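A.B. asks: Once you've had a glance at the structure underneath, I'll fire off some questions.
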Amino acid sequence: MPVPMWVAQINKRVFNKLEVKRGSRPVLTHVGRTSGTAYQTPLDAHPVEEGYVFILMYGSGSDWVRNVLAAGSARLRVGSDEVDLVNPRVVTKDEAWRLLPQSTKAPPNWLNVTEYLRMDVRP
């Protein structure tokens with residue numbers, strides 16, 4: 001796991017709420033796998049052909065990733081636009097970077113990020 005999960009818990013409980021309220025970042029709306037509750041998670045959403053790639057800073061075990069994988073879909077708000085995303089799948093670093101534009105800033109190597117989430121825009 002690249003970044004310790006205690007950092008993710010702080011982000012989830014404190015900073016994510018502030019980021020959603022600010023409205024300056026893309027926000028992924030997903031449904032809890034056991035609660036059925038809708039959650040909003042601010043993320044860096046990287047557009048690629050026919051979808052988006054998300055860098056999994058906390059790995060594929062984070063709650064939002066597990067929720068999206070279980071549901072098979074999510075909704076992404078980017079500015080005033082909203083898109084339905086489907087077919088979530090964890091992809092390797094190599095596969096993700098083949099899709100991402102060269103201008104995309106990579107996470108620092110010391111974070112050892114190896115997992116990415118790829119989703120398609122619903123046709």
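Ligands are numbered from 1 in the order shown, chains are lettered A, B, ... in the order of the structure tokens, and residues start at 1 in each chain.
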Pick out each residue of region 3-120 of chain A that DSSP on the backbone tags as alpha helix (DSSP H); I need them as a ChimeraX atom specification.

C.D. replies: /A:5-10,16-22,63-71,93-99

A.B. asks: List as CSV every residue of region 58-96 of chain A that is in contact with region 26-49 of chain A, defined as an atom at most 9 Å from one of its atoms (using only C-alpha atoms), together with the nearest atom pair and the distance in Å rounded to one decimal, sorted by chain and then rising number.

C.D. replies:
```
residue,atom,partner,partner_atom,distance
A:Asp63,CA,A:Gly32,CA,8.2
A:Trp64,CA,A:His30,CA,7.2
A:Arg66,CA,A:Arg33,CA,7.7
A:Asn67,CA,A:Arg33,CA,5.2
A:Val68,CA,A:His30,CA,6.2
A:Ala70,CA,A:Arg33,CA,6.3
A:Ala71,CA,A:Arg33,CA,7.0
A:Ser73,CA,A:His30,CA,7.5
A:Ala74,CA,A:His30,CA,5.0
A:Arg75,CA,A:Thr29,CA,5.1
A:Leu76,CA,A:Leu28,CA,4.5
A:Arg77,CA,A:Val27,CA,5.2
A:Val78,CA,A:Pro26,CA,4.6
A:Gly79,CA,A:Pro26,CA,6.8
```

A.B. asks: Give me, please, the distance in Å between CA of Val90 (chain A) and CA of Lys105 (chain A), quoted to one decimal.

C.D. replies: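 That distance, rounded to one decimal, is 19.4 Å.
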
A.B. asks: Separation of CA of Gly61 (chain A) and CA of Val121 (chain A), in Å?

C.D. replies: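 According to the coordinates, CA of Gly61 (chain A) and CA of Val121 (chain A) are separated by 22.9 Å.
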
A.B. asks: Could you tell me how far CA of Trp97 (chain A) sits from CA of Ser80 (chain A), in Å to one decimal place?

C.D. replies: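 Spanning CA of Ser80 (chain A) to CA of Trp97 (chain A) is a straight-line distance of 27.1 Å.
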
A.B. asks: Using only C-alpha atoms, find the one residue out of A:Ser103, A:Asn87, A:Asn109, A:Thr114 that sits nearest to Ser60 (chain A).

C.D. replies: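 Using only C-alpha atoms, the shortest distance to Ser60 (chain A) belongs to A:Thr114.
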
A.B. asks: So which bits of region 26-119 of chain A end up strand (DSSP E or B) when you DSSP the backbone, as an MDAnalysis selection string?

C.D. replies: chainID A and resid 27:31 38:42 45:48 51:55 73:78 81:92 115:119

A.B. asks: Keeping only C-alpha atoms, write those residues as a compact mmCIF listing (two decimals), in the first residue's frame.

C.D. replies:
```
# COMPACT_ATOMS: atom_id res chain seq x y z
CA VAL A 27 -15.79 14.64 -7.45
CA LEU A 28 -16.68 10.96 -7.79
CA THR A 29 -20.07 9.95 -6.38
CA HIS A 30 -20.25 6.27 -5.43
CA VAL A 31 -22.47 4.03 -3.32
CA ALA A 38 -23.97 7.82 -1.51
CA TYR A 39 -20.48 9.19 -0.90
CA GLN A 40 -18.55 11.96 -2.62
CA THR A 41 -14.80 11.68 -3.03
CA PRO A 42 -12.69 14.46 -4.56
CA ALA A 45 -9.57 12.41 -12.70
CA HIS A 46 -7.39 12.01 -15.76
CA PRO A 47 -9.34 11.88 -19.03
CA VAL A 48 -8.25 9.21 -21.49
CA GLY A 51 -12.99 7.21 -20.05
CA TYR A 52 -10.89 8.22 -17.08
CA VAL A 53 -7.91 6.97 -15.11
CA PHE A 54 -7.52 7.55 -11.37
CA ILE A 55 -4.17 7.24 -9.59
CA SER A 73 -20.34 2.21 -11.78
CA ALA A 74 -20.00 5.74 -10.40
CA ARG A 75 -20.77 9.31 -11.41
CA LEU A 76 -18.04 11.90 -11.96
CA ARG A 77 -18.57 15.66 -11.72
CA VAL A 78 -15.92 17.76 -13.45
CA ASP A 81 -20.33 18.51 -16.29
CA GLU A 82 -21.35 15.08 -15.00
CA VAL A 83 -20.57 11.74 -16.60
CA ASP A 84 -21.63 8.21 -15.76
CA LEU A 85 -18.69 5.83 -15.51
CA VAL A 86 -18.88 2.05 -15.83
CA ASN A 87 -16.63 -1.00 -16.09
CA PRO A 88 -14.19 -0.14 -13.30
CA ARG A 89 -11.01 -2.16 -13.28
CA VAL A 90 -7.67 -1.93 -11.55
CA VAL A 91 -4.85 -1.63 -14.06
CA THR A 92 -1.09 -1.72 -13.76
CA GLU A 115 -2.28 0.48 -9.05
CA TYR A 116 -4.60 2.69 -11.08
CA LEU A 117 -8.34 2.58 -11.68
CA ARG A 118 -9.65 2.74 -15.25
CA MET A 119 -13.33 3.47 -15.96
```
